[in-house]
>>> print(open('work30.cif').read())   # mmCIF, C-alpha atoms
data_start
#
loop_
_atom_site.label_atom_id
_atom_site.label_comp_id
_atom_site.auth_asym_id
_atom_site.auth_seq_id
_atom_site.Cartn_x
_atom_site.Cartn_y
_atom_site.Cartn_z
CA MET A 43 54.00 38.95 33.81
CA ARG A 44 54.33 35.30 34.64
CA PRO A 45 56.29 33.13 32.16
CA LEU A 46 54.53 30.98 29.65
CA LEU A 47 54.49 27.44 30.96
CA PRO A 48 53.96 24.34 28.86
CA GLU A 49 51.04 23.18 30.99
CA SER A 50 48.93 26.02 29.53
CA TRP A 51 49.48 25.00 25.92
CA SER A 52 46.34 23.66 24.27
CA PHE A 53 44.90 22.74 20.91
CA LEU A 54 42.39 24.77 18.89
CA ARG A 55 40.42 23.04 16.15
CA PHE A 56 39.04 25.25 13.44
CA LEU A 57 38.89 25.60 9.65
CA ASN A 58 38.44 21.82 9.31
CA PRO A 59 38.80 18.80 11.61
CA GLY A 60 42.20 17.96 10.16
CA THR A 61 43.80 21.33 11.02
CA HIS A 62 45.36 22.15 14.38
CA LEU A 63 46.65 25.44 15.68
CA TRP A 64 48.87 25.82 18.69
CA ALA A 65 47.57 28.62 20.88
CA PRO A 66 48.52 29.30 24.49
CA HIS A 67 45.67 30.39 26.77
CA LEU A 68 43.11 30.41 23.89
CA ASP A 69 40.72 28.26 25.86
CA SER A 70 40.57 30.94 28.55
CA LEU A 71 40.46 33.90 26.15
CA PHE A 72 37.68 32.67 23.88
CA HIS A 73 36.01 30.19 26.28
CA ILE A 74 36.20 27.43 23.70
CA ALA A 75 35.66 23.98 25.11
CA PRO A 76 38.67 21.76 24.57
CA SER A 77 38.42 18.84 22.22
CA HIS A 78 37.50 15.48 23.69
CA THR A 79 40.25 13.83 21.63
CA PRO A 80 43.49 14.25 23.59
CA PRO A 81 46.66 14.90 21.60
CA ALA A 82 49.17 12.11 21.27
CA THR A 83 51.74 12.02 24.07
CA LEU A 84 55.14 13.03 22.75
CA GLU A 85 58.41 11.53 23.91
CA LYS A 86 60.64 13.66 26.07
CA PRO A 87 63.43 15.43 24.18
CA ILE A 88 67.07 14.38 24.31
CA LEU A 89 69.45 16.82 25.98
CA SER A 90 73.10 16.55 24.86
CA LEU A 91 76.34 18.21 25.96
CA HIS A 92 79.25 19.30 23.74
CA PRO A 93 82.05 18.52 24.57
CA PRO A 94 80.60 15.46 26.32
CA TRP A 95 82.11 16.00 29.80
CA THR A 96 80.21 16.88 32.96
CA THR A 97 83.13 18.75 34.61
CA ILE A 98 84.84 21.82 33.16
CA PHE A 99 87.34 24.40 34.36
CA LYS A 100 86.18 27.76 35.63
CA GLY A 101 85.74 30.22 32.75
CA GLU A 102 85.08 27.56 30.09
CA ARG A 103 81.81 27.33 28.17
CA VAL A 104 79.95 24.29 26.86
CA THR A 105 77.00 23.88 24.48
CA LEU A 106 73.69 22.28 25.39
CA ARG A 107 71.42 21.01 22.61
CA CYS A 108 67.76 19.97 22.92
CA ASP A 109 66.55 17.52 20.26
CA GLY A 110 62.84 16.72 20.17
CA TYR A 111 59.59 17.19 18.28
CA HIS A 112 59.04 20.72 16.96
CA PRO A 113 55.64 21.23 15.22
CA LEU A 114 55.70 23.05 11.87
CA LEU A 115 52.26 24.62 12.32
CA LEU A 116 50.95 28.16 12.53
CA GLU A 117 51.71 29.56 15.98
CA LEU A 118 50.46 32.72 17.66
CA ARG A 119 53.70 32.96 19.62
CA PRO A 120 56.57 30.85 18.26
CA ILE A 121 58.23 29.25 21.27
CA SER A 122 59.85 25.92 20.39
CA THR A 123 62.07 25.14 23.42
CA LEU A 124 62.09 25.92 27.12
CA TRP A 125 65.29 25.78 29.20
CA TYR A 126 65.55 25.24 32.95
CA LEU A 127 68.49 25.70 35.33
CA GLY A 128 67.27 24.00 38.47
CA HIS A 129 63.79 25.52 38.94
CA LEU A 130 64.67 28.71 37.07
CA LEU A 131 63.27 29.28 33.57
CA LEU A 132 66.02 30.60 31.28
CA PRO A 133 65.23 33.37 28.76
CA SER A 134 66.50 31.49 25.68
CA HIS A 135 64.13 29.54 23.42
CA LYS A 136 66.69 28.26 20.91
CA LYS A 137 67.50 24.61 20.32
CA SER A 138 71.10 25.18 21.52
CA ILE A 139 72.55 27.39 24.23
CA GLU A 140 76.03 28.04 25.65
CA VAL A 141 76.44 27.90 29.42
CA GLN A 142 79.22 28.20 31.98
CA THR A 143 77.21 28.20 35.23
CA PRO A 144 77.23 25.00 37.28
CA GLY A 145 73.93 23.35 38.03
CA VAL A 146 71.28 20.94 36.76
CA TYR A 147 69.98 21.70 33.24
CA ARG A 148 66.81 20.45 31.57
CA CYS A 149 64.92 21.33 28.41
CA GLN A 150 61.39 20.89 27.05
CA THR A 151 59.83 21.05 23.63
CA ARG A 152 56.24 21.94 22.92
CA GLY A 153 53.77 19.39 24.26
CA ALA A 154 56.47 16.97 25.43
CA PRO A 155 57.67 16.06 28.93
CA VAL A 156 60.82 17.54 30.45
CA SER A 157 64.10 15.96 29.34
CA ASP A 158 66.49 14.01 31.53
CA PRO A 159 68.83 16.30 33.49
CA ILE A 160 72.50 17.07 32.93
CA HIS A 161 74.52 18.07 35.97
CA LEU A 162 77.33 20.45 35.01
CA SER A 163 80.21 20.96 37.47
CA VAL A 164 82.78 23.78 37.37
CA SER A 165 86.17 23.23 39.04
CA ASN A 166 89.03 25.51 40.01
CA ASP A 167 91.49 22.63 40.70
CA TRP A 168 94.70 21.89 38.82
CA LEU A 169 93.45 18.44 37.84
CA ILE A 170 89.92 17.24 36.96
CA LEU A 171 88.54 13.85 35.97
CA GLN A 172 86.01 14.12 33.16
CA VAL A 173 83.44 11.36 32.66
CA PRO A 174 80.62 11.04 30.08
CA TYR A 175 77.45 13.05 30.75
CA ALA A 176 75.19 10.36 29.25
CA ALA A 177 74.40 7.03 30.85
CA VAL A 178 76.80 4.21 30.01
CA PHE A 179 75.17 0.82 29.44
CA GLU A 180 76.53 -2.68 29.71
CA GLY A 181 78.63 -3.64 26.72
CA GLU A 182 79.36 -0.04 25.73
CA PRO A 183 82.81 1.60 26.01
CA LEU A 184 83.44 3.68 29.12
CA VAL A 185 85.90 6.55 28.48
CA MET A 186 87.40 8.85 31.12
CA ARG A 187 89.74 11.80 30.71
CA CYS A 188 92.17 13.17 33.30
CA ARG A 189 92.75 16.78 32.28
CA GLY A 190 95.25 19.32 33.55
CA TRP A 191 94.53 23.00 34.06
CA TYR A 192 93.69 24.38 30.63
CA ASP A 193 95.07 21.29 28.88
CA LYS A 194 98.51 21.24 30.48
CA MET A 195 100.32 17.91 30.00
CA VAL A 196 99.91 15.47 32.90
CA TYR A 197 102.80 13.09 33.67
CA LYS A 198 102.97 9.89 35.74
CA LEU A 199 99.25 9.54 35.33
CA HIS A 200 97.33 7.04 37.48
CA TYR A 201 93.63 6.15 37.31
CA TYR A 202 91.91 4.77 40.40
CA HIS A 203 88.69 2.77 40.82
CA ASP A 204 87.30 2.71 44.36
CA GLY A 205 90.72 3.56 45.74
CA GLN A 206 92.62 0.91 43.73
CA ALA A 207 95.01 1.87 40.91
CA VAL A 208 93.73 0.36 37.64
CA ARG A 209 95.89 2.00 34.95
CA TYR A 210 99.16 3.92 34.56
CA PHE A 211 100.29 6.19 31.71
CA HIS A 212 103.57 8.04 31.28
CA SER A 213 101.70 11.15 30.09
CA SER A 214 98.18 12.39 29.36
CA ALA A 215 95.90 9.66 27.98
CA ASN A 216 92.27 8.61 28.29
CA TYR A 217 91.31 5.54 30.29
CA THR A 218 88.94 3.28 28.33
CA VAL A 219 86.97 0.21 29.34
CA PRO A 220 86.05 -1.39 25.96
CA GLN A 221 82.97 -3.22 27.24
CA ALA A 222 81.64 -1.89 30.51
CA ARG A 223 80.11 -4.19 33.11
CA ALA A 224 78.10 -3.55 36.24
CA SER A 225 81.28 -4.20 38.24
CA ASP A 226 82.85 -1.12 36.58
CA SER A 227 80.48 1.14 38.51
CA GLY A 228 82.02 3.05 41.39
CA ARG A 229 84.02 6.15 42.28
CA TYR A 230 86.94 7.10 40.02
CA GLN A 231 89.87 9.42 40.56
CA CYS A 232 93.13 10.31 38.82
CA SER A 233 96.51 11.66 39.91
CA GLY A 234 99.61 12.98 38.18
CA THR A 235 102.25 15.70 38.03
CA MET A 236 102.54 18.83 35.89
CA ARG A 237 105.48 21.05 34.95
CA ILE A 238 104.49 24.52 36.18
CA PRO A 239 107.30 25.42 35.33
CA VAL A 240 109.10 22.54 37.05
CA GLU A 241 107.56 19.18 37.80
CA SER A 242 105.18 19.41 40.71
CA ALA A 243 104.32 16.97 43.44
CA PRO A 244 101.56 14.44 42.64
CA MET A 245 98.14 16.08 42.50
CA PHE A 246 94.78 14.35 42.79
CA SER A 247 91.47 15.11 41.17
CA SER A 248 88.13 15.00 42.94
CA LYS A 249 86.34 11.64 42.99
CA VAL A 250 83.58 11.18 40.43
CA ALA A 251 80.79 8.58 40.66
CA VAL A 252 80.19 6.45 37.56
CA THR A 253 77.23 4.08 37.16
CA VAL A 254 76.99 1.45 34.41
CA GLN A 255 73.33 0.99 33.57
CA GLU A 256 71.77 -2.45 33.07
CA LEU A 257 71.05 -3.01 29.38
CA PHE A 258 68.41 -5.68 29.97
CA GLN A 259 67.21 -7.72 32.91
CA ASP A 260 68.18 -11.31 33.60
CA PRO A 261 65.92 -13.50 31.45
CA VAL A 262 63.32 -15.87 32.86
CA LEU A 263 62.20 -19.05 31.09
CA ARG A 264 58.41 -19.48 31.19
CA VAL A 265 55.97 -22.10 29.88
CA MET A 266 53.55 -20.65 27.32
CA GLY A 267 51.17 -23.62 27.11
CA PRO A 268 49.95 -26.54 29.27
CA VAL A 269 52.55 -29.12 30.18
CA GLU A 270 50.32 -31.96 28.91
CA ALA A 271 50.10 -30.49 25.40
CA ARG A 272 50.77 -32.97 22.61
CA GLY A 273 53.56 -32.32 20.19
CA GLY A 274 55.71 -30.54 22.75
CA VAL A 275 55.59 -27.55 25.06
CA VAL A 276 56.33 -23.96 24.05
CA VAL A 277 58.62 -22.03 26.38
CA ARG A 278 59.60 -18.38 26.14
CA CYS A 279 62.75 -16.55 27.26
CA ASP A 280 61.42 -13.30 28.76
CA THR A 281 63.50 -10.22 29.51
CA ARG A 282 63.06 -6.44 29.48
CA LEU A 283 65.29 -3.83 27.88
CA HIS A 284 66.08 -0.49 29.48
CA PRO A 285 63.60 2.16 28.23
CA GLN A 286 66.41 4.12 26.58
CA LYS A 287 67.59 0.97 24.79
CA ARG A 288 64.30 -0.66 23.89
CA ASP A 289 65.29 -0.78 20.20
CA THR A 290 68.36 -2.95 20.90
CA PRO A 291 67.96 -6.33 19.13
CA LEU A 292 68.50 -9.41 21.28
CA GLN A 293 69.10 -13.04 20.42
CA PHE A 294 68.14 -16.10 22.46
CA ALA A 295 69.56 -19.58 22.99
CA PHE A 296 68.01 -22.56 24.81
CA TYR A 297 69.73 -25.32 26.76
CA LYS A 298 68.96 -28.66 28.37
CA TYR A 299 71.38 -29.09 31.23
CA SER A 300 74.66 -27.99 29.59
CA ARG A 301 73.71 -28.98 26.03
CA ALA A 302 72.46 -26.35 23.60
CA VAL A 303 69.15 -27.46 22.08
CA ARG A 304 68.85 -24.28 20.01
CA ARG A 305 71.70 -21.88 19.41
CA PHE A 306 71.38 -18.10 19.32
CA ASP A 307 68.55 -16.91 17.11
CA TRP A 308 66.15 -13.96 17.00
CA GLY A 309 63.16 -15.93 18.27
CA ALA A 310 62.41 -15.77 21.98
CA GLU A 311 60.32 -18.98 21.94
CA TYR A 312 61.30 -22.65 21.68
CA THR A 313 59.23 -25.83 21.50
CA VAL A 314 60.38 -28.61 23.79
CA PRO A 315 59.81 -31.93 21.99
CA GLU A 316 57.25 -34.30 23.51
CA PRO A 317 59.84 -36.96 24.57
CA GLU A 318 61.67 -34.30 26.62
CA VAL A 319 58.59 -32.85 28.33
CA GLU A 320 59.21 -35.05 31.37
CA GLU A 321 62.56 -33.31 31.80
CA LEU A 322 61.11 -29.84 31.28
CA GLU A 323 62.70 -28.47 34.44
CA SER A 324 66.17 -29.25 33.11
CA HIS A 325 65.90 -26.41 30.56
CA TRP A 326 67.18 -22.83 30.77
CA CYS A 327 67.82 -20.01 28.28
CA GLU A 328 70.28 -17.25 27.53
CA ALA A 329 69.77 -13.74 26.11
CA ALA A 330 72.53 -11.74 24.42
CA THR A 331 73.17 -8.82 22.12
CA ALA A 332 73.97 -9.52 18.49
CA THR A 333 77.69 -8.92 19.13
CA ARG A 334 77.62 -11.05 22.35
CA SER A 335 79.01 -8.11 24.28
CA VAL A 336 76.35 -8.73 26.94
CA ARG A 337 75.12 -12.23 27.75
CA LYS A 338 72.82 -13.22 30.59
CA ARG A 339 71.39 -16.63 31.50
CA SER A 340 68.11 -17.48 33.15
CA PRO A 341 67.50 -19.74 36.15
CA TRP A 342 66.27 -23.28 35.56
CA LEU A 343 62.70 -23.54 34.37
CA GLN A 344 60.44 -23.76 37.42
CA LEU A 345 56.96 -25.15 36.98
CA PRO A 346 54.14 -23.68 39.10
CA GLY A 347 53.84 -25.38 42.48
CA ARG A 348 57.24 -27.04 42.32
CA GLY A 349 60.58 -26.17 43.85
CA SER A 350 63.57 -25.11 41.85
CA PRO A 351 65.42 -28.12 40.34
CA LEU A 352 69.00 -28.88 41.17
CA ASP A 353 71.31 -26.67 39.14
CA LEU A 354 73.77 -29.18 37.73
CA ALA A 355 75.45 -26.80 35.31
CA SER A 356 75.90 -23.76 37.54
CA THR A 357 78.45 -23.22 40.26
CA THR A 358 75.82 -21.33 42.24
CA ALA A 359 73.61 -24.41 42.66
CA PRO A 360 72.00 -24.91 46.07
CA VAL A 361 73.42 -27.68 48.25
CA PRO A 362 71.17 -30.76 48.05
CA GLN A 363 69.50 -31.65 51.33
CA ALA A 364 70.01 -35.07 52.89
CA PRO A 365 66.90 -37.27 53.20
CA ALA A 366 65.15 -37.12 56.54
CA LEU A 367 66.15 -39.94 58.88
CA ALA A 368 63.55 -39.17 61.52
CA PRO A 369 60.05 -37.70 61.27
CA SER A 370 60.68 -35.18 64.03
CA ASN A 371 62.48 -31.86 63.63
CA LYS A 372 64.92 -32.63 66.44
CA PRO A 373 68.62 -32.77 65.56
CA LEU A 374 70.05 -36.22 65.00
CA SER A 375 72.91 -37.65 67.07
CA PHE A 376 75.49 -40.02 65.65
CA ARG A 377 76.93 -42.49 68.21
CA LYS A 378 79.27 -45.45 67.86
CA SER A 379 77.70 -48.91 67.96
CA PRO A 380 78.76 -51.09 70.90
CA VAL A 381 81.65 -53.41 70.11
CA SER A 382 80.99 -57.13 70.54
CA ARG A 383 82.86 -58.87 73.35
CA SER A 384 83.67 -61.85 71.18
CA VAL A 385 87.37 -62.65 71.58
CA PRO A 386 88.19 -62.91 67.82
CA SER A 387 86.79 -59.40 67.26
CA VAL A 388 89.20 -57.75 69.70
CA THR A 389 92.27 -56.40 67.96
CA SER A 390 93.79 -53.87 70.36
CA VAL A 391 93.09 -52.49 73.79
CA SER A 392 94.62 -49.43 75.43
CA ASN A 393 94.13 -47.62 78.72
CA THR A 394 90.45 -46.84 79.25
CA THR A 395 88.57 -43.98 80.79
CA SER A 396 84.95 -43.44 81.76
CA ALA A 397 83.88 -42.10 78.33
CA GLY A 398 83.85 -44.04 75.07
CA LEU A 399 82.26 -47.28 73.87
CA GLN A 400 78.93 -48.22 75.46
CA PHE A 401 78.15 -51.72 76.77
CA PRO A 402 74.66 -52.63 77.99
CA ALA A 403 74.89 -54.33 81.40
CA GLY A 404 72.75 -57.09 82.82
CA ARG A 405 72.51 -59.11 79.56
CA ALA A 406 74.65 -60.49 76.79
CA PRO A 407 75.98 -57.88 74.36
CA THR A 408 73.83 -57.17 71.33
CA ALA A 409 74.14 -55.08 68.19
CA GLY A 410 73.03 -52.07 70.23
CA PRO A 411 70.91 -49.09 69.12
CA PRO A 412 70.95 -47.90 65.49
CA ALA A 413 73.88 -45.79 64.36
CA CYS A 414 71.57 -42.82 63.94
CA ALA A 415 69.02 -42.46 66.73
CA PRO A 416 67.19 -39.53 68.27
CA PRO A 417 69.05 -38.32 71.36
CA THR A 418 67.63 -38.85 74.84
CA SER A 419 67.03 -35.65 76.75
CA LEU A 420 69.29 -34.81 79.69
CA GLU A 421 66.39 -34.96 82.14
CA GLN A 422 65.40 -38.47 81.06
CA SER A 423 68.98 -39.69 81.29
CA ALA A 424 69.42 -38.24 84.79
CA GLY A 425 66.22 -39.90 86.01
CA ALA A 426 66.90 -43.32 84.48
CA LEU A 427 70.61 -43.74 85.30
CA LYS A 428 71.67 -43.79 88.97
CA PRO A 429 74.99 -45.67 88.94
CA ASP A 430 76.74 -47.10 91.95
CA VAL A 431 80.18 -45.52 91.57
CA ASN A 432 82.09 -48.14 93.58
CA LEU A 433 80.48 -51.04 91.71
CA LEU A 434 81.12 -49.33 88.40
CA LEU A 435 84.82 -48.83 89.17
CA ARG A 436 85.21 -52.45 90.33
CA GLU A 437 83.65 -53.77 87.14
CA MET A 438 85.83 -51.50 85.06
CA GLN A 439 88.93 -52.88 86.76
CA LEU A 440 87.77 -56.46 86.06
CA LEU A 441 87.07 -55.59 82.45
CA LYS A 442 90.45 -53.90 82.12
CA GLY A 443 92.23 -57.01 83.41
CA LEU A 444 90.22 -59.23 81.08
CA LEU A 445 91.01 -57.16 78.02
CA SER A 446 94.69 -57.07 78.94
CA ARG A 447 94.76 -60.86 79.13
CA VAL A 448 92.98 -61.04 75.75
CA VAL A 449 95.73 -58.98 74.18
CA VAL A 450 98.41 -61.25 75.62
CA GLU A 451 96.53 -64.33 74.47
CA LEU A 452 96.24 -63.00 70.93
CA LYS A 453 100.00 -62.58 70.89
CA GLU A 454 100.71 -65.99 72.61
CA PRO A 455 97.64 -68.27 72.16
CA GLN A 456 99.13 -71.14 74.22
CA ALA A 457 100.01 -69.09 77.29
CA PHE A 458 96.52 -68.81 78.82
CA PRO A 459 94.28 -71.83 78.10
CA GLU A 460 91.95 -70.83 80.92
CA HIS A 461 90.97 -67.50 79.26
CA ARG A 462 87.62 -68.75 78.00
CA GLU A 463 86.56 -69.90 81.47
CA THR A 464 87.50 -66.52 82.93
CA LEU A 465 85.42 -64.77 80.28
CA GLU A 466 82.39 -66.90 81.08
CA THR A 467 82.85 -66.28 84.82
CA LEU A 468 83.01 -62.51 84.27
CA THR A 469 79.92 -62.58 82.10
CA SER A 470 77.96 -64.49 84.73
CA HIS A 471 79.17 -62.06 87.39
CA LEU A 472 77.98 -59.07 85.38
CA ALA A 473 74.58 -60.68 84.81
CA ALA A 474 74.08 -61.44 88.51
CA SER A 475 75.30 -58.06 89.90
CA PRO A 476 72.40 -56.05 91.41
CA GLY A 477 72.11 -52.28 91.00
CA THR A 478 74.28 -52.22 87.92
CA PRO A 479 73.64 -49.12 85.83
CA GLU A 480 72.04 -49.54 82.47
CA THR A 481 75.20 -48.72 80.59
CA ALA A 482 78.86 -48.59 81.48
CA THR A 483 80.99 -46.40 79.22
CA VAL A 484 84.58 -47.19 78.28
CA GLU A 485 86.75 -45.26 75.85
CA SER A 486 89.49 -46.94 73.88
#
>>> encode(input="work30.cif", output="structure tokens")
Amino acid sequence: MRPLLPESWSFLRFLNPGTHLWAPHLDSLFHIAPSHTPPATLEKPILSLHPPWTTIFKGERVTLRCDGYHPLLLELRPISTLWYLGHLLLPSHKKSIEVQTPGVYRCQTRGAPVSDPIHLSVSNDWLILQVPYAAVFEGEPLVMRCRGWYDKMVYKLHYYHDGQAVRYFHSSANYTVPQARASDSGRYQCSGTMRIPVESAPMFSSKVAVTVQELFQDPVLRVMGPVEARGGVVVRCDTRLHPQKRDTPLQFAFYKYSRAVRRFDWGAEYTVPEPEVEELESHWCEAATATRSVRKRSPWLQLPGRGSPLDLASTTAPVPQAPALAPSNKPLSFRKSPVSRSVPSVTSVSNTTSAGLQFPAGRAPTAGPPACAPPTSLEQSAGALKPDVNLLLREMQLLKGLLSRVVVELKEPQAFPEHRETLETLTSHLAASPGTPETATVES
């Protein structure tokens, strides 16, 4: 005979419209058409474990309890609870059962969905790390227990989080995180020694994964009305609680830049005054629990069709982009402006090479190209510049001698009265030289 499954449970209306009888398979036995009014969907029951640890020693027993809706109506076959171990239907129909077999347990009450699972582990080690069976949420305490074989005392006790030691105790003690955060998720382990009968070498437990659930999502500040509305604009701080914590009360605060315009209150909406509507994108909000154990802030308010404003109050603000200096997408090059050949502007001259400051040849020196100019491609430069190497070296030698004399003159102004005539002669020579390249480069 196949077991009675909850999918075959149905309603039978009789006596009067306000009376319901639970009857399995009655629709197939009496060929009664089911009612067109579907029954209300019940919430899934809550499965709990006592004591509240997911790992036990071999031979120990724990109690599972299924709490959910149990109808107090006339039943043809009173079955209130179904128990599952994996995909196996257990024979018990009580609200509580004792188990010692490892595996995944679930329960189900009449007409309700299946409960969340509990994974029970059985160990034969000397040392086990026990963690809570239920989900731990942000802001709640996280408690772990390093337990020796059948409660033997553990000495020199260390707790580890992702391979790093986080707490030390001289003897057996629980490790507690008062207010858990998402960063507390990870793999935990413990180690210690036991006197059996003398003190043993350090022993390690198996690693256990712990996940801290998100209590509520990061809030988002949204505009509830048109931006042009008179008398201000209504904004709302939206977030979503975890389904298991949807009854948790939250408070909300609103800020303009780093100044609080409304401190924590139960309302999730705030009216931005009309004078501040122009600076609407400088607002953000914060959601928190009543005890402030969990606080989360929203991004800056972003209006539709606009980019995100500069985050002046957050260290995670994006780097502002420099204004475009050229319409094209080519990279910009930054080159030194040519130095004027005027004698008073020369302060020092050292040995020169063929790379450095640029001087246009064939005309008097000018201010040169802008400091930021689009670069010329290598092909264009190779086609336009065909220097005469010998002429270039000769002119460089002349320029070197001139600059050396300028330095001496600056130190002793009366020593070379003919310097200005030499400068004019050199300038005329450069202007009259044929085949001179467009630019001659000198590095100081």
>>> residues_around(input="work30.cif", residues="stretch 272-282 of chain A", least_positions_apart="6", cutoff="6 Å", atoms="all atoms listed in the file", output="PyMOL selection string")
chain A and resi 258-259+261-266+310-316
>>> closest_residue(input="work30.cif", among="A:Thr253, A:Thr123, A:Ser227, A:Thr235", to="A:Val156", atoms="all atoms listed in the file")
A:Thr123
>>> closest_atom_pairs(input="work30.cif", of="stretch 209-328 of chain A", to="stretch 192-205 of chain A", cutoff="12 Å", atoms="only C-alpha atoms", output="tab-separated table")
residue	atom	partner	partner_atom	distance
A:Arg209	CA	A:Tyr201	CA	5.3
A:Tyr210	CA	A:His200	CA	4.6
A:Phe211	CA	A:Leu199	CA	5.0
A:His212	CA	A:Lys198	CA	4.9
A:Ser213	CA	A:Tyr197	CA	4.2
A:Ser214	CA	A:Val196	CA	5.0
A:Ala215	CA	A:Leu199	CA	8.1
A:Asn216	CA	A:Tyr201	CA	9.4
A:Tyr217	CA	A:Tyr201	CA	7.4
A:Thr218	CA	A:Tyr201	CA	10.5
A:Val219	CA	A:His203	CA	11.9
A:Ser225	CA	A:His203	CA	10.5
A:Asp226	CA	A:His203	CA	8.2
A:Ser227	CA	A:His203	CA	8.7
A:Gly228	CA	A:Asp204	CA	6.1
A:Arg229	CA	A:Asp204	CA	5.2
A:Tyr230	CA	A:His203	CA	4.7
A:Gln231	CA	A:Tyr202	CA	5.1
A:Cys232	CA	A:Tyr201	CA	4.5
A:Ser233	CA	A:His200	CA	5.3
A:Gly234	CA	A:Leu199	CA	4.5
A:Thr235	CA	A:Tyr197	CA	5.1
A:Met236	CA	A:Val196	CA	5.2
A:Arg237	CA	A:Met195	CA	7.8
A:Ile238	CA	A:Lys194	CA	8.9
A:Pro239	CA	A:Lys194	CA	10.9
A:Val240	CA	A:Tyr197	CA	11.8
A:Glu241	CA	A:Tyr197	CA	8.8
A:Ser242	CA	A:Tyr197	CA	9.8
A:Ala243	CA	A:Lys198	CA	10.5
A:Pro244	CA	A:Lys198	CA	8.4
A:Met245	CA	A:Leu199	CA	9.8
A:Phe246	CA	A:His200	CA	9.4
A:Ser247	CA	A:Tyr201	CA	10.0
A:Ser248	CA	A:Tyr202	CA	11.2
A:Lys249	CA	A:Asp204	CA	9.1
A:Val250	CA	A:His203	CA	9.8
A:Ala251	CA	A:Asp204	CA	9.5
A:Val252	CA	A:His203	CA	9.8
>>> resolve_selection(input="work30.cif", expression="the PyMOL selection byres ((chain A and resi 134) around 12)", output="count of residues only")
23
>>> closest_residue(input="work30.cif", among="A:Val164, A:Leu169, A:Ala176, A:Ala295", to="A:Gly101", atoms="only C-alpha atoms")
A:Val164
>>> closest_residue(input="work30.cif", among="A:Arg436, A:Arg305, A:Lys287, A:Lys100", to="A:Asn166", atoms="all atoms listed in the file")
A:Lys100
>>> residues_around(input="work30.cif", residues="A:Phe306", least_positions_apart="3", cutoff="8 Å", atoms="only C-alpha atoms", output="PyMOL selection string")
chain A and resi 293-296
>>> closest_residue(input="work30.cif", among="A:Ala302, A:Leu184, A:Val208, A:Leu292", to="A:Val254", atoms="all atoms listed in the file")
A:Leu184
>>> atom_distance(input="work30.cif", atom1="atom CA of A:Tyr175", atom2="atom CA of A:Pro155")
20.1 Å
